[in-house]
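What follows is one structure encoded as structure tokens, with my remarks underneath.
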Amino acid sequence: MTSKPGTEPDPSFRHELYPYRDDAQFLTGTLNFVREALEAGEAVIVAVPSEKASALRDELTGEPAVTFVETSAAGANPGRHIAAWTAWMSEHGEGGRPVRGIGETAWRQARNAAHLSELRYNEWLLNRAFAHSPAWSMLCPYDTADDDQDALRSVSRCHPWIRQGGQAVRNHDYLGSDGHAFDALPEPCDPFQELAYTRGDLSAVRSTVAQCASQAGVPEAQLPKLALACTEIATNSIRHGGGSGTLRTWAKDMTFLCEFRDDGYISDQLAGRTRPTADQTGGRGLWLAHQLCDLVEIRSTRDRGTTVRLHMDIPLPR
């Protein structure tokens, strides 16, 4: 049965959007959220930009139940954020103690449309990732000072709850657990390089990627990371995507892209976003790609197969 927006049963994870317009509103809403947690005997994890963290620290000096975490450790790639929250919860939610998190995404630091799209997708995926976890809540502050109603509506659709007037209420714009619609991937830019690969062609994949990436301006220090990520994705195509695939490479807007297409299907929407366990068989290729690349886009359907795009930033020339 397809879920309807706003009608799903309550999961243990409570995911709230908090639209605010200025620093004063940010503090009012987040401090109210923290005080609710402290009154209920819950721990609080704060993962917000540094200037917002400083303001909250000043208000919460000496409060042992509140922990501030360094968000830069997770990196800019949204594909790493679910694993980061899992680790923070494991470290700070002692003895099954309920946890509240405050996580503000750096929306205005999105590098391009692809990055922005993945940030939104990650917000929606949080609902799936933690639906059956121990009870906890996350407040997602969102700065509305620019009055971009379309952007606010897009983010709102990823949150089952919205905080208004100091209270969390049902968000009837929420898409539901099966409702995320991907932005279409734009076509590669001309000129692009294309290589069909199958078993025995991994060295050709690595050679093609290294040559094209170097010519595009990817730093030499990043080339081994890119080579490993591309090897993992191409290997997945050979093992799980029908034995073959197609590689395309190109550069656009100071980003180098490697695209892998095959006939396989990835049913797990969280594939690559949760840390593999020590005894897990397989499933490490996408995880490594997320750790090694600046962005990873995945589109997979039963009828059209799988497309994986790996992004590596190209630094501006000195």
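Chain labels A, B, ... are given in the sequence in which chains occur in the structure tokens; within each chain residues are numbered consecutively from 1, and ligands are likewise numbered from 1 in the order shown.
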For this session: With a distance cut-off of 12 Å and only C-alpha atoms, select the neighbouring residues of stretch 50-52 of chain A, excluding the residue or stretch itself and same-chain residues fewer than 2 positions from it, and output the selection as a list in words.
Result: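 What passes the distance filter is Asp22, Asp23, Ala24, Gln25, Phe26, Leu27, Thr30, Leu31, Val46, Ala47, Val48, Ser54, Ala55, Leu56, Arg57, Asp58, Glu59, Phe68, Val69, Glu70, Thr71, Ser72, Ile102, Gly103, Glu104, Thr105, Ala106, Pro141 and Asp143 of chain A.
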For this session: Tell me, as an MDAnalysis selection string, which residues lie within 10 Å of stretch 302-313 of chain A, counting only C-alpha atoms; anything in the same chain fewer than 6 positions away does not count.
Result: chainID A and resid 77 111 114:115 185 213 217:219 222:223 225:226 229:230 233:234 237 241:242 245:249 251:267 286 289:290 292:296
Exercise. Near stretch 131-137 of chain A, counting only C-alpha atoms, which residues have an atom at most 8 Å away, once you skip same-chain residues fewer than 4 positions from it, shown as number ranges by chain?
Worked result: A: 11-16, 96, 98-101, 127
Residues from the last selection, all heavy atoms, saved as a short mmCIF file (atom, residue, chain, number, x, y, z; two decimals), in the first residue's frame:
data_model
loop_
_atom_site.label_atom_id
_atom_site.label_comp_id
_atom_site.auth_asym_id
_atom_site.auth_seq_id
_atom_site.Cartn_x
_atom_site.Cartn_y
_atom_site.Cartn_z
N PRO A 11 6.66 6.61 13.71
CA PRO A 11 7.84 5.79 13.94
C PRO A 11 8.49 6.23 15.25
O PRO A 11 8.09 7.20 15.87
CB PRO A 11 8.73 6.13 12.74
CG PRO A 11 8.37 7.55 12.42
CD PRO A 11 6.90 7.70 12.76
N SER A 12 9.53 5.50 15.67
CA SER A 12 10.22 5.91 16.89
C SER A 12 11.04 7.18 16.65
O SER A 12 11.35 7.91 17.59
CB SER A 12 11.13 4.79 17.39
OG SER A 12 12.04 4.40 16.38
N PHE A 13 11.38 7.44 15.40
CA PHE A 13 12.16 8.61 15.04
C PHE A 13 11.23 9.77 14.70
O PHE A 13 10.34 9.66 13.86
CB PHE A 13 13.04 8.28 13.83
CG PHE A 13 13.83 9.45 13.28
CD1 PHE A 13 14.63 10.20 14.12
CD2 PHE A 13 13.79 9.76 11.94
CE1 PHE A 13 15.37 11.27 13.62
CE2 PHE A 13 14.51 10.82 11.43
CZ PHE A 13 15.32 11.57 12.27
N ARG A 14 11.43 10.91 15.38
CA ARG A 14 10.60 12.09 15.17
C ARG A 14 11.47 13.16 14.48
O ARG A 14 12.39 13.71 15.07
CB ARG A 14 10.08 12.61 16.51
CG ARG A 14 9.03 13.70 16.41
CD ARG A 14 8.63 14.09 17.83
NE ARG A 14 7.61 15.12 17.86
CZ ARG A 14 6.30 14.88 17.99
NH1 ARG A 14 5.87 13.64 18.08
NH2 ARG A 14 5.44 15.86 18.01
N HIS A 15 11.14 13.47 13.24
CA HIS A 15 11.96 14.32 12.38
C HIS A 15 11.21 15.63 12.11
O HIS A 15 10.22 15.66 11.39
CB HIS A 15 12.23 13.58 11.06
CG HIS A 15 13.28 14.19 10.20
ND1 HIS A 15 13.41 13.86 8.87
CD2 HIS A 15 14.25 15.09 10.47
CE1 HIS A 15 14.41 14.54 8.36
NE2 HIS A 15 14.94 15.30 9.30
N GLU A 16 11.72 16.74 12.70
CA GLU A 16 11.01 18.02 12.64
C GLU A 16 11.79 19.05 11.83
O GLU A 16 13.01 19.17 11.96
CB GLU A 16 10.81 18.59 14.05
CG GLU A 16 10.08 17.69 15.01
CD GLU A 16 9.99 18.33 16.40
OE1 GLU A 16 10.09 19.58 16.49
OE2 GLU A 16 9.84 17.59 17.38
N GLY A 96 20.74 3.34 26.24
CA GLY A 96 19.39 3.43 25.68
C GLY A 96 18.67 4.72 26.03
O GLY A 96 17.46 4.83 25.82
N PRO A 98 17.02 8.17 25.69
CA PRO A 98 16.50 8.88 24.51
C PRO A 98 17.40 10.06 24.14
O PRO A 98 17.99 10.71 25.01
CB PRO A 98 15.12 9.35 24.97
CG PRO A 98 14.73 8.41 26.05
CD PRO A 98 16.02 8.07 26.76
N VAL A 99 17.50 10.33 22.86
CA VAL A 99 18.39 11.36 22.35
C VAL A 99 17.60 12.34 21.48
O VAL A 99 16.70 11.94 20.75
CB VAL A 99 19.53 10.75 21.52
CG1 VAL A 99 20.41 11.83 20.91
CG2 VAL A 99 20.37 9.81 22.36
N ARG A 100 17.97 13.61 21.60
CA ARG A 100 17.48 14.61 20.65
C ARG A 100 18.68 15.17 19.89
O ARG A 100 19.73 15.42 20.48
CB ARG A 100 16.75 15.75 21.36
CG ARG A 100 15.45 15.33 21.99
CD ARG A 100 14.55 16.52 22.25
NE ARG A 100 13.35 16.11 22.96
CZ ARG A 100 12.22 16.78 22.94
NH1 ARG A 100 12.11 17.92 22.26
NH2 ARG A 100 11.16 16.36 23.61
N GLY A 101 18.49 15.35 18.59
CA GLY A 101 19.55 15.93 17.78
C GLY A 101 19.08 17.24 17.16
O GLY A 101 17.90 17.39 16.84
N ASN A 127 14.40 9.62 7.44
CA ASN A 127 13.18 9.00 7.95
C ASN A 127 13.21 7.49 7.81
O ASN A 127 12.71 6.76 8.67
CB ASN A 127 11.96 9.56 7.20
CG ASN A 127 11.85 11.06 7.33
OD1 ASN A 127 11.65 11.60 8.40
ND2 ASN A 127 12.02 11.76 6.21
#
Seminar exercise, completed: Judged by only C-alpha atoms, the minimum distance to A:Ser214 among A:Trp250, A:Tyr174, A:Trp124, A:Phe33 is found for A:Trp250
Contacts of A:Leu116 at 12 Å (only C-alpha atoms; same-chain gap of 4+ positions) as a PDB file with all heavy atoms, in the first residue's frame:
ATOM      1  N   ALA A  76      31.364  17.310   3.286  1.00  0.00           N
ATOM      2  CA  ALA A  76      30.265  17.958   2.567  1.00  0.00           C
ATOM      3  C   ALA A  76      29.372  16.969   1.826  1.00  0.00           C
ATOM      4  O   ALA A  76      28.246  17.305   1.460  1.00  0.00           O
ATOM      5  CB  ALA A  76      30.823  18.983   1.577  1.00  0.00           C
ATOM      6  N   ASN A  77      29.847  15.755   1.592  1.00  0.00           N
ATOM      7  CA  ASN A  77      29.064  14.770   0.856  1.00  0.00           C
ATOM      8  C   ASN A  77      27.879  14.299   1.705  1.00  0.00           C
ATOM      9  O   ASN A  77      28.074  13.690   2.763  1.00  0.00           O
ATOM     10  CB  ASN A  77      29.959  13.581   0.493  1.00  0.00           C
ATOM     11  CG  ASN A  77      29.219  12.510  -0.304  1.00  0.00           C
ATOM     12  OD1 ASN A  77      28.010  12.583  -0.506  1.00  0.00           O
ATOM     13  ND2 ASN A  77      29.947  11.516  -0.761  1.00  0.00           N
ATOM     14  N   PRO A  78      26.633  14.559   1.281  1.00  0.00           N
ATOM     15  CA  PRO A  78      25.468  14.149   2.079  1.00  0.00           C
ATOM     16  C   PRO A  78      25.396  12.648   2.308  1.00  0.00           C
ATOM     17  O   PRO A  78      24.779  12.201   3.274  1.00  0.00           O
ATOM     18  CB  PRO A  78      24.275  14.635   1.238  1.00  0.00           C
ATOM     19  CG  PRO A  78      24.831  15.682   0.322  1.00  0.00           C
ATOM     20  CD  PRO A  78      26.244  15.269   0.049  1.00  0.00           C
ATOM     21  N   THR A 105      21.476  21.636   8.076  1.00  0.00           N
ATOM     22  CA  THR A 105      22.179  21.423   6.820  1.00  0.00           C
ATOM     23  C   THR A 105      22.644  22.763   6.253  1.00  0.00           C
ATOM     24  O   THR A 105      21.908  23.751   6.288  1.00  0.00           O
ATOM     25  CB  THR A 105      21.258  20.723   5.808  1.00  0.00           C
ATOM     26  OG1 THR A 105      20.912  19.427   6.321  1.00  0.00           O
ATOM     27  CG2 THR A 105      21.931  20.566   4.459  1.00  0.00           C
ATOM     28  N   ALA A 106      23.846  22.784   5.713  1.00  0.00           N
ATOM     29  CA  ALA A 106      24.404  24.017   5.130  1.00  0.00           C
ATOM     30  C   ALA A 106      23.885  24.176   3.703  1.00  0.00           C
ATOM     31  O   ALA A 106      24.615  24.020   2.716  1.00  0.00           O
ATOM     32  CB  ALA A 106      25.924  23.971   5.162  1.00  0.00           C
ATOM     33  N   TRP A 107      22.599  24.502   3.581  1.00  0.00           N
ATOM     34  CA  TRP A 107      21.958  24.574   2.266  1.00  0.00           C
ATOM     35  C   TRP A 107      22.633  25.592   1.354  1.00  0.00           C
ATOM     36  O   TRP A 107      22.812  25.339   0.154  1.00  0.00           O
ATOM     37  CB  TRP A 107      20.483  24.935   2.422  1.00  0.00           C
ATOM     38  CG  TRP A 107      19.703  23.931   3.205  1.00  0.00           C
ATOM     39  CD1 TRP A 107      19.332  24.010   4.515  1.00  0.00           C
ATOM     40  CD2 TRP A 107      19.210  22.670   2.731  1.00  0.00           C
ATOM     41  NE1 TRP A 107      18.644  22.883   4.883  1.00  0.00           N
ATOM     42  CE2 TRP A 107      18.548  22.045   3.814  1.00  0.00           C
ATOM     43  CE3 TRP A 107      19.264  22.019   1.494  1.00  0.00           C
ATOM     44  CZ2 TRP A 107      17.937  20.797   3.696  1.00  0.00           C
ATOM     45  CZ3 TRP A 107      18.667  20.778   1.370  1.00  0.00           C
ATOM     46  CH2 TRP A 107      18.017  20.181   2.464  1.00  0.00           C
ATOM     47  N   ARG A 108      23.008  26.730   1.890  1.00  0.00           N
ATOM     48  CA  ARG A 108      23.557  27.796   1.046  1.00  0.00           C
ATOM     49  C   ARG A 108      24.986  27.508   0.596  1.00  0.00           C
ATOM     50  O   ARG A 108      25.533  28.234  -0.236  1.00  0.00           O
ATOM     51  CB  ARG A 108      23.479  29.137   1.781  1.00  0.00           C
ATOM     52  CG  ARG A 108      22.048  29.650   1.878  1.00  0.00           C
ATOM     53  CD  ARG A 108      21.984  31.053   2.480  1.00  0.00           C
ATOM     54  NE  ARG A 108      20.631  31.586   2.428  1.00  0.00           N
ATOM     55  CZ  ARG A 108      19.674  31.290   3.292  1.00  0.00           C
ATOM     56  NH1 ARG A 108      19.938  30.461   4.282  1.00  0.00           N
ATOM     57  NH2 ARG A 108      18.460  31.794   3.173  1.00  0.00           N
ATOM     58  N   GLN A 109      25.583  26.468   1.135  1.00  0.00           N
ATOM     59  CA  GLN A 109      26.924  26.090   0.699  1.00  0.00           C
ATOM     60  C   GLN A 109      26.894  24.997  -0.374  1.00  0.00           C
ATOM     61  O   GLN A 109      27.950  24.484  -0.751  1.00  0.00           O
ATOM     62  CB  GLN A 109      27.750  25.631   1.899  1.00  0.00           C
ATOM     63  CG  GLN A 109      28.003  26.737   2.910  1.00  0.00           C
ATOM     64  CD  GLN A 109      28.771  26.262   4.116  1.00  0.00           C
ATOM     65  OE1 GLN A 109      29.469  25.245   4.080  1.00  0.00           O
ATOM     66  NE2 GLN A 109      28.650  26.985   5.230  1.00  0.00           N
ATOM     67  N   ALA A 110      25.700  24.656  -0.838  1.00  0.00           N
ATOM     68  CA  ALA A 110      25.601  23.669  -1.913  1.00  0.00           C
ATOM     69  C   ALA A 110      26.375  24.156  -3.131  1.00  0.00           C
ATOM     70  O   ALA A 110      26.240  25.299  -3.559  1.00  0.00           O
ATOM     71  CB  ALA A 110      24.136  23.432  -2.281  1.00  0.00           C
ATOM     72  N   ARG A 111      27.214  23.288  -3.688  1.00  0.00           N
ATOM     73  CA  ARG A 111      28.108  23.698  -4.766  1.00  0.00           C
ATOM     74  C   ARG A 111      27.401  23.826  -6.108  1.00  0.00           C
ATOM     75  O   ARG A 111      27.807  24.599  -6.959  1.00  0.00           O
ATOM     76  CB  ARG A 111      29.263  22.692  -4.881  1.00  0.00           C
ATOM     77  CG  ARG A 111      30.097  22.587  -3.610  1.00  0.00           C
ATOM     78  CD  ARG A 111      31.285  21.672  -3.807  1.00  0.00           C
ATOM     79  NE  ARG A 111      30.892  20.316  -4.124  1.00  0.00           N
ATOM     80  CZ  ARG A 111      30.586  19.391  -3.214  1.00  0.00           C
ATOM     81  NH1 ARG A 111      30.605  19.701  -1.933  1.00  0.00           N
ATOM     82  NH2 ARG A 111      30.265  18.166  -3.579  1.00  0.00           N
ATOM     83  N   ASN A 112      26.356  23.036  -6.309  1.00  0.00           N
ATOM     84  CA  ASN A 112      25.667  23.038  -7.592  1.00  0.00           C
ATOM     85  C   ASN A 112      24.308  22.360  -7.402  1.00  0.00           C
ATOM     86  O   ASN A 112      23.947  21.951  -6.287  1.00  0.00           O
ATOM     87  CB  ASN A 112      26.501  22.313  -8.665  1.00  0.00           C
ATOM     88  CG  ASN A 112      27.027  20.967  -8.186  1.00  0.00           C
ATOM     89  OD1 ASN A 112      26.297  20.200  -7.559  1.00  0.00           O
ATOM     90  ND2 ASN A 112      28.282  20.671  -8.471  1.00  0.00           N
ATOM     91  N   ARG A 120      18.730  17.350  -0.224  1.00  0.00           N
ATOM     92  CA  ARG A 120      17.301  17.113   0.023  1.00  0.00           C
ATOM     93  C   ARG A 120      17.014  15.622   0.156  1.00  0.00           C
ATOM     94  O   ARG A 120      16.239  15.200   1.027  1.00  0.00           O
ATOM     95  CB  ARG A 120      16.463  17.710  -1.112  1.00  0.00           C
ATOM     96  CG  ARG A 120      16.367  19.225  -1.094  1.00  0.00           C
ATOM     97  CD  ARG A 120      15.248  19.705  -1.988  1.00  0.00           C
ATOM     98  NE  ARG A 120      15.461  19.355  -3.378  1.00  0.00           N
ATOM     99  CZ  ARG A 120      15.990  20.175  -4.286  1.00  0.00           C
ATOM    100  NH1 ARG A 120      16.371  21.387  -3.935  1.00  0.00           N
ATOM    101  NH2 ARG A 120      16.138  19.781  -5.529  1.00  0.00           N
ATOM    102  N   TYR A 121      17.617  14.817  -0.712  1.00  0.00           N
ATOM    103  CA  TYR A 121      17.389  13.377  -0.659  1.00  0.00           C
ATOM    104  C   TYR A 121      17.850  12.795   0.677  1.00  0.00           C
ATOM    105  O   TYR A 121      17.182  11.932   1.258  1.00  0.00           O
ATOM    106  CB  TYR A 121      18.116  12.691  -1.812  1.00  0.00           C
ATOM    107  CG  TYR A 121      17.889  11.204  -1.901  1.00  0.00           C
ATOM    108  CD1 TYR A 121      16.607  10.670  -1.800  1.00  0.00           C
ATOM    109  CD2 TYR A 121      18.949  10.327  -2.104  1.00  0.00           C
ATOM    110  CE1 TYR A 121      16.391   9.298  -1.886  1.00  0.00           C
ATOM    111  CE2 TYR A 121      18.743   8.960  -2.200  1.00  0.00           C
ATOM    112  CZ  TYR A 121      17.468   8.452  -2.087  1.00  0.00           C
ATOM    113  OH  TYR A 121      17.256   7.099  -2.179  1.00  0.00           O
ATOM    114  N   ASN A 122      18.976  13.287   1.178  1.00  0.00           N
ATOM    115  CA  ASN A 122      19.455  12.806   2.473  1.00  0.00           C
ATOM    116  C   ASN A 122      18.475  13.136   3.584  1.00  0.00           C
ATOM    117  O   ASN A 122      18.234  12.318   4.478  1.00  0.00           O
ATOM    118  CB  ASN A 122      20.821  13.407   2.784  1.00  0.00           C
ATOM    119  CG  ASN A 122      21.344  12.963   4.136  1.00  0.00           C
ATOM    120  OD1 ASN A 122      21.735  11.822   4.317  1.00  0.00           O
ATOM    121  ND2 ASN A 122      21.349  13.878   5.099  1.00  0.00           N
ATOM    122  N   GLU A 123      17.876  14.342   3.550  1.00  0.00           N
ATOM    123  CA  GLU A 123      16.880  14.706   4.560  1.00  0.00           C
ATOM    124  C   GLU A 123      15.713  13.730   4.534  1.00  0.00           C
ATOM    125  O   GLU A 123      15.198  13.325   5.586  1.00  0.00           O
ATOM    126  CB  GLU A 123      16.384  16.133   4.321  1.00  0.00           C
ATOM    127  CG  GLU A 123      17.384  17.210   4.667  1.00  0.00           C
ATOM    128  CD  GLU A 123      17.650  17.290   6.158  1.00  0.00           C
ATOM    129  OE1 GLU A 123      16.716  17.060   6.953  1.00  0.00           O
ATOM    130  OE2 GLU A 123      18.789  17.597   6.531  1.00  0.00           O
ATOM    131  N   ALA A 151      12.076  26.595  -2.410  1.00  0.00           N
ATOM    132  CA  ALA A 151      13.108  25.844  -1.685  1.00  0.00           C
ATOM    133  C   ALA A 151      12.572  25.339  -0.354  1.00  0.00           C
ATOM    134  O   ALA A 151      12.799  24.186   0.026  1.00  0.00           O
ATOM    135  CB  ALA A 151      14.339  26.711  -1.481  1.00  0.00           C
ATOM    136  N   SER A 154      10.294  22.372  -0.905  1.00  0.00           N
ATOM    137  CA  SER A 154      11.038  21.148  -1.231  1.00  0.00           C
ATOM    138  C   SER A 154      11.613  20.496   0.010  1.00  0.00           C
ATOM    139  O   SER A 154      11.564  19.271   0.182  1.00  0.00           O
ATOM    140  CB  SER A 154      12.170  21.472  -2.220  1.00  0.00           C
ATOM    141  OG  SER A 154      11.656  21.900  -3.459  1.00  0.00           O
ATOM    142  N   VAL A 155      12.161  21.311   0.921  1.00  0.00           N
ATOM    143  CA  VAL A 155      12.716  20.775   2.159  1.00  0.00           C
ATOM    144  C   VAL A 155      11.604  20.288   3.081  1.00  0.00           C
ATOM    145  O   VAL A 155      11.724  19.242   3.736  1.00  0.00           O
ATOM    146  CB  VAL A 155      13.578  21.842   2.861  1.00  0.00           C
ATOM    147  CG1 VAL A 155      14.060  21.339   4.208  1.00  0.00           C
ATOM    148  CG2 VAL A 155      14.750  22.235   1.988  1.00  0.00           C
ATOM    149  N   PHE A 182      13.137  11.699  -7.596  1.00  0.00           N
ATOM    150  CA  PHE A 182      14.464  12.167  -7.947  1.00  0.00           C
ATOM    151  C   PHE A 182      14.411  13.259  -9.002  1.00  0.00           C
ATOM    152  O   PHE A 182      13.561  13.243  -9.898  1.00  0.00           O
ATOM    153  CB  PHE A 182      15.301  11.010  -8.510  1.00  0.00           C
ATOM    154  CG  PHE A 182      15.856  10.091  -7.464  1.00  0.00           C
ATOM    155  CD1 PHE A 182      15.407   8.790  -7.370  1.00  0.00           C
ATOM    156  CD2 PHE A 182      16.833  10.525  -6.591  1.00  0.00           C
ATOM    157  CE1 PHE A 182      15.933   7.933  -6.419  1.00  0.00           C
ATOM    158  CE2 PHE A 182      17.363   9.685  -5.633  1.00  0.00           C
ATOM    159  CZ  PHE A 182      16.916   8.380  -5.549  1.00  0.00           C
ATOM    160  N   ASP A 183      15.342  14.201  -8.906  1.00  0.00           N
ATOM    161  CA  ASP A 183      15.579  15.108 -10.016  1.00  0.00           C
ATOM    162  C   ASP A 183      16.244  14.317 -11.135  1.00  0.00           C
ATOM    163  O   ASP A 183      17.114  13.472 -10.887  1.00  0.00           O
ATOM    164  CB  ASP A 183      16.494  16.255  -9.587  1.00  0.00           C
ATOM    165  CG  ASP A 183      15.852  17.132  -8.520  1.00  0.00           C
ATOM    166  OD1 ASP A 183      14.617  17.269  -8.557  1.00  0.00           O
ATOM    167  OD2 ASP A 183      16.583  17.663  -7.665  1.00  0.00           O
ATOM    168  N   LEU A 295      30.872  13.744  -4.059  1.00  0.00           N
ATOM    169  CA  LEU A 295      29.423  13.547  -4.185  1.00  0.00           C
ATOM    170  C   LEU A 295      29.190  12.264  -4.965  1.00  0.00           C
ATOM    171  O   LEU A 295      29.972  11.922  -5.864  1.00  0.00           O
ATOM    172  CB  LEU A 295      28.777  14.728  -4.932  1.00  0.00           C
ATOM    173  CG  LEU A 295      27.244  14.801  -4.887  1.00  0.00           C
ATOM    174  CD1 LEU A 295      26.770  15.192  -3.484  1.00  0.00           C
ATOM    175  CD2 LEU A 295      26.706  15.797  -5.906  1.00  0.00           C
ATOM    176  N   GLU A 297      25.860  10.262  -6.877  1.00  0.00           N
ATOM    177  CA  GLU A 297      24.452  10.222  -7.263  1.00  0.00           C
ATOM    178  C   GLU A 297      24.119   8.819  -7.746  1.00  0.00           C
ATOM    179  O   GLU A 297      24.865   8.241  -8.547  1.00  0.00           O
ATOM    180  CB  GLU A 297      24.160  11.215  -8.384  1.00  0.00           C
ATOM    181  CG  GLU A 297      24.341  12.668  -8.018  1.00  0.00           C
ATOM    182  CD  GLU A 297      24.102  13.572  -9.207  1.00  0.00           C
ATOM    183  OE1 GLU A 297      25.016  13.699 -10.047  1.00  0.00           O
ATOM    184  OE2 GLU A 297      22.996  14.145  -9.303  1.00  0.00           O
TER     185      GLU A 297
END
For this session: Quick one: pick out all helix (DSSP H, G or I) residues within stretch 22-149 of chain A from a backbone DSSP run and write them as a ChimeraX atom specification.
Result: /A:23-39,50-59,71-74,78-92,94-96,107-109,113-129,149
For this session: Considering only C-alpha atoms, state which residue in the set A:Gly285, A:Asp190, A:Arg273, A:Asp150 is at the smallest distance from A:Ala74.
Result: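 Selected residue with least distance to A:Ala74: A:Arg273.
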